[in-house]
$ cat upload.cif   # mmCIF, C-alpha atoms
data_data
#
loop_
_atom_site.label_atom_id
_atom_site.label_comp_id
_atom_site.auth_asym_id
_atom_site.auth_seq_id
_atom_site.Cartn_x
_atom_site.Cartn_y
_atom_site.Cartn_z
CA MET A 1 -75.28 -31.56 -17.09
CA ARG A 2 -72.71 -33.57 -15.20
CA PRO A 3 -69.59 -31.66 -14.09
CA LEU A 4 -66.62 -32.50 -16.24
CA VAL A 5 -63.56 -34.14 -14.77
CA LEU A 6 -60.49 -31.92 -14.98
CA ALA A 7 -57.81 -33.33 -17.28
CA ALA A 8 -54.51 -34.07 -15.59
CA LEU A 9 -51.55 -33.29 -17.81
CA LEU A 10 -48.58 -35.61 -17.71
CA ALA A 11 -45.05 -34.28 -17.80
CA SER A 12 -43.10 -35.34 -20.88
CA ALA A 13 -40.32 -37.85 -20.29
CA LEU A 14 -37.09 -38.13 -22.25
CA ALA A 15 -36.49 -41.68 -23.41
CA SER A 16 -33.08 -43.32 -23.44
CA PRO A 17 -31.83 -44.05 -26.99
CA GLY A 18 -31.31 -47.66 -25.96
CA LEU A 19 -34.98 -48.07 -25.14
CA ALA A 20 -36.44 -46.72 -28.36
CA GLN A 21 -39.91 -47.92 -29.23
CA THR A 22 -39.89 -50.20 -32.25
CA VAL A 23 -41.92 -48.38 -34.91
CA PRO A 24 -41.47 -48.10 -38.68
CA PRO A 25 -38.81 -45.49 -39.50
CA ASP A 26 -41.13 -43.84 -42.02
CA ALA A 27 -44.16 -43.80 -39.71
CA PRO A 28 -45.89 -40.40 -39.46
CA ALA A 29 -45.09 -38.40 -36.36
CA LEU A 30 -47.58 -38.62 -33.53
CA PRO A 31 -49.48 -35.43 -32.77
CA HIS A 32 -48.79 -34.01 -29.34
CA ARG A 33 -51.48 -34.93 -26.83
CA GLN A 34 -52.27 -31.25 -26.35
CA GLY A 35 -52.76 -30.75 -30.08
CA LEU A 36 -55.38 -33.37 -30.83
CA SER A 37 -58.79 -33.03 -29.19
CA MET A 38 -57.36 -32.61 -25.71
CA GLU A 39 -60.37 -30.67 -24.54
CA MET A 40 -62.89 -32.51 -22.44
CA PRO A 41 -65.87 -33.96 -24.33
CA GLN A 42 -69.00 -31.90 -24.53
CA VAL A 43 -71.17 -34.10 -22.34
CA GLN A 44 -74.73 -34.43 -23.60
CA GLU A 45 -77.64 -35.26 -21.36
CA ASP A 46 -78.00 -38.96 -22.14
CA ALA A 47 -80.51 -40.07 -19.54
CA ALA A 48 -80.25 -43.74 -20.52
CA LEU A 49 -76.49 -43.74 -20.06
CA GLN A 50 -76.75 -41.92 -16.76
CA ALA A 51 -79.29 -44.50 -15.62
CA ALA A 52 -77.11 -47.44 -16.70
CA ILE A 53 -74.15 -46.06 -14.78
CA ALA A 54 -76.17 -45.21 -11.67
CA SER A 55 -78.11 -48.48 -11.65
CA THR A 56 -77.92 -50.52 -8.47
CA THR A 57 -77.84 -53.64 -10.63
CA ARG A 58 -74.19 -52.81 -11.23
CA PRO A 59 -71.97 -54.36 -8.56
CA GLU A 60 -71.24 -51.96 -5.72
CA ALA A 61 -67.50 -52.47 -6.27
CA ASP A 62 -67.92 -51.34 -9.89
CA ARG A 63 -69.77 -48.17 -8.92
CA ALA A 64 -67.12 -47.38 -6.29
CA ARG A 65 -64.56 -47.08 -9.09
CA ASP A 66 -66.51 -44.58 -11.20
CA GLY A 67 -64.55 -41.66 -9.75
CA GLN A 68 -61.33 -43.07 -11.19
CA ARG A 69 -62.64 -44.63 -14.41
CA HIS A 70 -65.02 -41.80 -15.45
CA PRO A 71 -67.47 -44.00 -17.39
CA PHE A 72 -69.89 -41.26 -18.46
CA GLU A 73 -67.18 -38.92 -19.73
CA THR A 74 -65.16 -41.72 -21.35
CA LEU A 75 -68.11 -43.23 -23.21
CA THR A 76 -69.15 -39.75 -24.33
CA PHE A 77 -65.61 -39.10 -25.59
CA TRP A 78 -65.72 -42.36 -27.55
CA GLY A 79 -68.99 -41.26 -29.12
CA LEU A 80 -71.45 -43.73 -27.61
CA GLN A 81 -75.03 -42.99 -28.68
CA PRO A 82 -78.38 -44.75 -28.39
CA GLY A 83 -79.05 -47.58 -30.81
CA LEU A 84 -75.46 -48.49 -31.69
CA THR A 85 -74.04 -51.97 -32.19
CA VAL A 86 -71.15 -52.11 -29.73
CA VAL A 87 -68.64 -54.97 -29.65
CA GLU A 88 -66.51 -55.31 -26.54
CA ILE A 89 -63.33 -57.34 -26.80
CA GLU A 90 -62.47 -59.69 -23.92
CA PRO A 91 -64.78 -58.11 -21.32
CA GLY A 92 -63.51 -60.57 -18.70
CA ARG A 93 -65.36 -62.20 -15.84
CA ALA A 94 -65.80 -58.94 -13.93
CA GLY A 95 -67.32 -57.21 -16.96
CA TRP A 96 -66.78 -53.64 -15.74
CA TRP A 97 -67.69 -51.99 -19.05
CA ARG A 98 -70.16 -54.73 -19.95
CA ASN A 99 -72.25 -53.94 -16.87
CA ILE A 100 -72.86 -50.50 -18.35
CA LEU A 101 -72.86 -51.14 -22.09
CA GLU A 102 -75.17 -54.13 -22.18
CA PRO A 103 -78.11 -52.60 -20.26
CA TYR A 104 -77.59 -49.32 -22.12
CA ALA A 105 -77.87 -51.12 -25.47
CA THR A 106 -81.00 -52.91 -24.29
CA ALA A 107 -82.58 -49.67 -23.11
CA THR A 108 -81.83 -47.75 -26.32
CA GLY A 109 -82.56 -50.35 -28.98
CA GLY A 110 -78.90 -51.04 -29.63
CA ARG A 111 -76.91 -54.25 -29.53
CA TYR A 112 -74.08 -55.33 -27.25
CA VAL A 113 -71.76 -58.15 -28.34
CA ALA A 114 -69.02 -59.66 -26.17
CA VAL A 115 -66.14 -61.24 -28.07
CA GLY A 116 -63.41 -63.42 -26.60
CA ARG A 117 -61.55 -64.64 -29.71
CA PRO A 118 -61.70 -61.95 -32.40
CA THR A 119 -59.84 -63.92 -35.07
CA GLU A 120 -62.39 -66.74 -34.78
CA SER A 121 -65.49 -64.55 -34.76
CA MET A 122 -66.39 -60.94 -34.11
CA GLY A 123 -70.01 -61.85 -33.44
CA VAL A 124 -71.33 -59.43 -36.08
CA GLU A 125 -71.47 -59.27 -39.84
CA ASP A 126 -68.50 -57.64 -41.53
CA GLY A 127 -68.90 -53.88 -41.75
CA SER A 128 -71.84 -53.71 -39.34
CA ALA A 129 -70.41 -52.73 -35.93
CA ASP A 130 -70.60 -49.08 -34.91
CA MET A 131 -68.03 -49.32 -32.12
CA VAL A 132 -65.39 -51.76 -30.91
CA VAL A 133 -64.28 -51.25 -27.29
CA VAL A 134 -60.89 -52.47 -26.08
CA ALA A 135 -60.03 -51.95 -22.41
CA ARG A 136 -56.72 -52.91 -20.80
CA ALA A 137 -55.73 -55.67 -23.22
CA PHE A 138 -52.86 -54.51 -25.46
CA HIS A 139 -50.20 -55.53 -22.94
CA ASN A 140 -51.35 -59.14 -23.29
CA TRP A 141 -51.69 -59.08 -27.06
CA SER A 142 -48.26 -57.53 -27.62
CA ARG A 143 -46.59 -60.47 -25.88
CA ASP A 144 -47.88 -63.21 -28.16
CA GLY A 145 -48.40 -61.56 -31.54
CA ARG A 146 -52.15 -60.96 -31.31
CA THR A 147 -52.15 -57.18 -31.78
CA ASP A 148 -52.01 -57.04 -35.58
CA PRO A 149 -54.47 -59.86 -36.37
CA TYR A 150 -56.91 -58.57 -33.74
CA LEU A 151 -56.81 -55.03 -35.11
CA ALA A 152 -57.41 -56.42 -38.60
CA ALA A 153 -60.49 -58.23 -37.28
CA PHE A 154 -61.78 -55.04 -35.64
CA PHE A 155 -61.31 -53.09 -38.86
CA LYS A 156 -63.23 -55.70 -40.86
CA ALA A 157 -66.12 -55.79 -38.37
CA LEU A 158 -66.60 -52.02 -38.17
CA ARG A 159 -68.71 -50.10 -40.65
CA PRO A 160 -67.02 -47.26 -42.53
CA GLY A 161 -66.91 -44.40 -40.04
CA GLY A 162 -67.08 -46.81 -37.09
CA VAL A 163 -65.06 -46.22 -33.92
CA LEU A 164 -62.32 -48.20 -32.23
CA ALA A 165 -62.35 -47.11 -28.58
CA VAL A 166 -59.28 -47.82 -26.46
CA GLU A 167 -58.46 -47.56 -22.75
CA GLN A 168 -55.04 -48.93 -21.80
CA HIS A 169 -52.47 -48.73 -19.00
CA ARG A 170 -49.81 -46.33 -20.33
CA SER A 171 -46.06 -46.60 -19.94
CA VAL A 172 -43.62 -43.77 -20.53
CA ASP A 173 -43.44 -43.27 -24.28
CA GLY A 174 -40.20 -44.20 -26.01
CA LEU A 175 -39.86 -47.52 -24.21
CA ASN A 176 -39.84 -50.80 -26.09
CA VAL A 177 -43.16 -52.57 -25.66
CA ALA A 178 -41.36 -55.88 -25.17
CA ASP A 179 -39.64 -54.47 -22.08
CA VAL A 180 -42.75 -53.15 -20.34
CA ALA A 181 -45.73 -55.25 -21.45
CA SER A 182 -45.15 -57.78 -18.66
CA THR A 183 -45.85 -54.98 -16.17
CA GLY A 184 -49.28 -54.33 -17.76
CA TYR A 185 -48.26 -51.03 -19.34
CA VAL A 186 -47.52 -50.24 -23.00
CA PRO A 187 -46.42 -47.04 -24.77
CA GLU A 188 -49.20 -44.96 -26.29
CA SER A 189 -47.21 -44.78 -29.51
CA TYR A 190 -47.29 -48.58 -29.78
CA VAL A 191 -51.09 -48.66 -29.79
CA ILE A 192 -51.36 -45.71 -32.17
CA HIS A 193 -48.88 -47.06 -34.71
CA ALA A 194 -50.44 -50.52 -34.63
CA ALA A 195 -53.93 -49.12 -35.18
CA ARG A 196 -52.74 -46.88 -38.00
CA ASN A 197 -51.03 -49.83 -39.66
CA ALA A 198 -54.37 -51.65 -39.55
CA GLY A 199 -55.99 -48.78 -41.46
CA PHE A 200 -57.49 -46.75 -38.62
CA GLU A 201 -57.25 -42.99 -38.32
CA LEU A 202 -56.41 -41.50 -34.93
CA GLU A 203 -59.21 -39.04 -34.32
CA ALA A 204 -58.69 -38.00 -30.71
CA ARG A 205 -56.68 -38.74 -27.59
CA SER A 206 -57.73 -37.60 -24.14
CA GLU A 207 -56.27 -37.31 -20.65
CA LEU A 208 -59.58 -38.23 -19.04
CA ASN A 209 -57.97 -41.24 -17.38
CA ALA A 210 -54.49 -39.85 -16.80
CA ASN A 211 -53.02 -40.27 -13.33
CA PRO A 212 -49.76 -38.34 -12.76
CA LYS A 213 -49.38 -40.03 -9.37
CA ASP A 214 -48.71 -43.34 -11.10
CA ASP A 215 -44.95 -43.66 -11.66
CA ARG A 216 -45.46 -47.16 -13.13
CA ASP A 217 -42.68 -48.56 -10.93
CA HIS A 218 -44.48 -51.13 -8.80
CA PRO A 219 -43.29 -54.45 -7.35
CA PHE A 220 -45.96 -56.49 -9.13
CA GLY A 221 -46.63 -54.30 -12.13
CA VAL A 222 -49.94 -52.54 -12.64
CA TRP A 223 -51.62 -55.30 -10.63
CA THR A 224 -50.02 -53.85 -7.49
CA LEU A 225 -52.46 -50.95 -7.78
CA ALA A 226 -56.19 -50.97 -7.21
CA PRO A 227 -58.40 -52.75 -8.02
CA THR A 228 -56.26 -55.92 -8.05
CA ARG A 229 -54.01 -54.82 -5.18
CA THR A 230 -51.53 -57.71 -5.36
CA SER A 231 -49.46 -57.51 -2.17
CA GLU A 232 -47.39 -60.69 -2.22
CA ARG A 233 -45.70 -62.76 -4.88
CA ASP A 234 -42.63 -64.98 -5.17
CA GLY A 235 -41.60 -64.40 -1.58
CA ARG A 236 -41.90 -60.62 -1.80
CA ALA A 237 -44.55 -59.07 0.44
CA LEU A 238 -45.43 -55.41 0.72
CA THR A 239 -45.17 -53.73 4.08
CA VAL A 240 -48.18 -51.96 5.55
CA GLU A 241 -46.55 -48.65 4.67
CA GLU A 242 -45.86 -49.70 1.06
CA ARG A 243 -49.43 -50.92 0.64
CA ALA A 244 -50.82 -47.63 1.97
CA ALA A 245 -48.60 -45.60 -0.35
CA LEU A 246 -49.66 -47.62 -3.38
CA ASP A 247 -53.32 -47.39 -2.48
CA ALA A 248 -52.91 -43.62 -2.34
CA VAL A 249 -51.87 -43.68 -6.02
CA GLY A 250 -55.28 -44.94 -7.07
CA GLU A 251 -55.71 -46.71 -10.39
CA SER A 252 -53.19 -46.68 -13.23
CA ASP A 253 -52.29 -43.89 -15.62
CA ARG A 254 -54.22 -44.70 -18.79
CA MET A 255 -54.41 -43.57 -22.37
CA THR A 256 -57.89 -42.95 -23.77
CA LEU A 257 -57.98 -43.04 -27.57
CA ARG A 258 -60.59 -42.79 -30.30
CA PHE A 259 -59.80 -44.21 -33.73
CA ARG A 260 -62.08 -44.23 -36.74
CA LYS A 261 -62.36 -46.50 -39.75
CA PRO A 262 -62.21 -44.19 -42.78
CA GLU A 263 -65.54 -43.54 -44.47
CA ALA A 264 -64.06 -44.64 -47.78
CA ALA A 265 -62.86 -47.99 -46.42
CA ASN A 266 -64.55 -51.19 -47.49
#

$ encode --input "upload.cif" --output "structure tokens"
Amino acid sequence: MRPLVLAALLASALASPGLAQTVPPDAPALPHRQGLSMEMPQVQEDAALQAAIASTTRPEADRARDGQRHPFETLTFWGLQPGLTVVEIEPGRAGWWRNILEPYATATGGRYVAVGRPTESMGVEDGSADMVVVARAFHNWSRDGRTDPYLAAFFKALRPGGVLAVEQHRSVDGLNVADVASTGYVPESYVIHAARNAGFELEARSELNANPKDDRDHPFGVWTLAPTRTSERDGRALTVEERAALDAVGESDRMTLRFRKPEAAN
């Protein structure tokens, strides 16, 4: 059994009334993070998943980040199992999650599908996907109106009982998504309300990928932090001391959420 990563609890922040998150006035209240499956996942001995994560076919730079991205614990929290059909949205050129999920699916008789334009095609028949994985993308979608149509596409592709798995850079809650999305961060409440509006049920939220050292106030947004480590832009360059301090933060503070398509849904 792998040792579990200790959950880091974030201090609550009071939001200014002028920066209220735009959500429906009659939307149900969000459960407190400590009141909804905040315990660490019960990690099962999945030898195939352990092998996929430990494989030297993964880029060395990917494996070096495992201590901050917690792939085994995160995938276990999301409910990954052998033989599932997993759709990953916009895996990107680096393919950090893809480099684990694709060989795992191959080894366990499952199916991995990478999708770049969800509203054009989800790559699977409607109602057939077991899991849709979205990592670090909502800040882009919120800026050009893609969030709602994308979530609708995910809902249609998933089977009843299927999982929408989310990892996303997290801003202080209570802020307006339009004010922070350009920095790469979005409020957790924004993602939750949008998913609920699409028909998903919030099943669990975890602090697996929380980082209390990340104050989210960086010269070049989240891309100032590792792994991107932007150090110069528009005539502004970080000093050696600033770069060292930012590197000490590590990767971003991130929400880790598990939504489920209701069993009764078509």

$ closest_residue --input "upload.cif" --among "A:Asp215, A:Glu125, A:Glu188, A:Glu102" --to "Phe154 of chain A" --atoms "all atoms listed in the file"
A:Glu125

$ resolve_selection --input "upload.cif" --expression "the PyMOL selection byres ((chain A and resi 150) around 12)" --output "ChimeraX atom specification"
/A:89-90,115-122,132,134,137-138,140-142,144-149,151-157,164,194-195,198

$ atom_distance --input "upload.cif" --atom1 "atom CA of Leu84 of chain A" --atom2 "atom CA of Arg260 of chain A"
14.9 Å

$ residues_around --input "upload.cif" --residues "Ala64 of chain A" --least-positions-apart "6" --cutoff "12 Å" --atoms "all atoms listed in the file" --output "list in words"
Ile53, Ala54, Thr56, Arg58, His70, Pro71, Trp96, Ala226 and Pro227 of chain A

$ atom_distance --input "upload.cif" --atom1 "atom CA of Arg205 of chain A" --atom2 "atom CA of Ala105 of chain A"
24.6 Å

$ resolve_selection --input "upload.cif" --expression "the PyMOL selection byres ((chain A and resi 202) around 12)" --output "ChimeraX atom specification"
/A:28-31,33,36-37,78,163-166,188-189,191-201,203-206,256-262
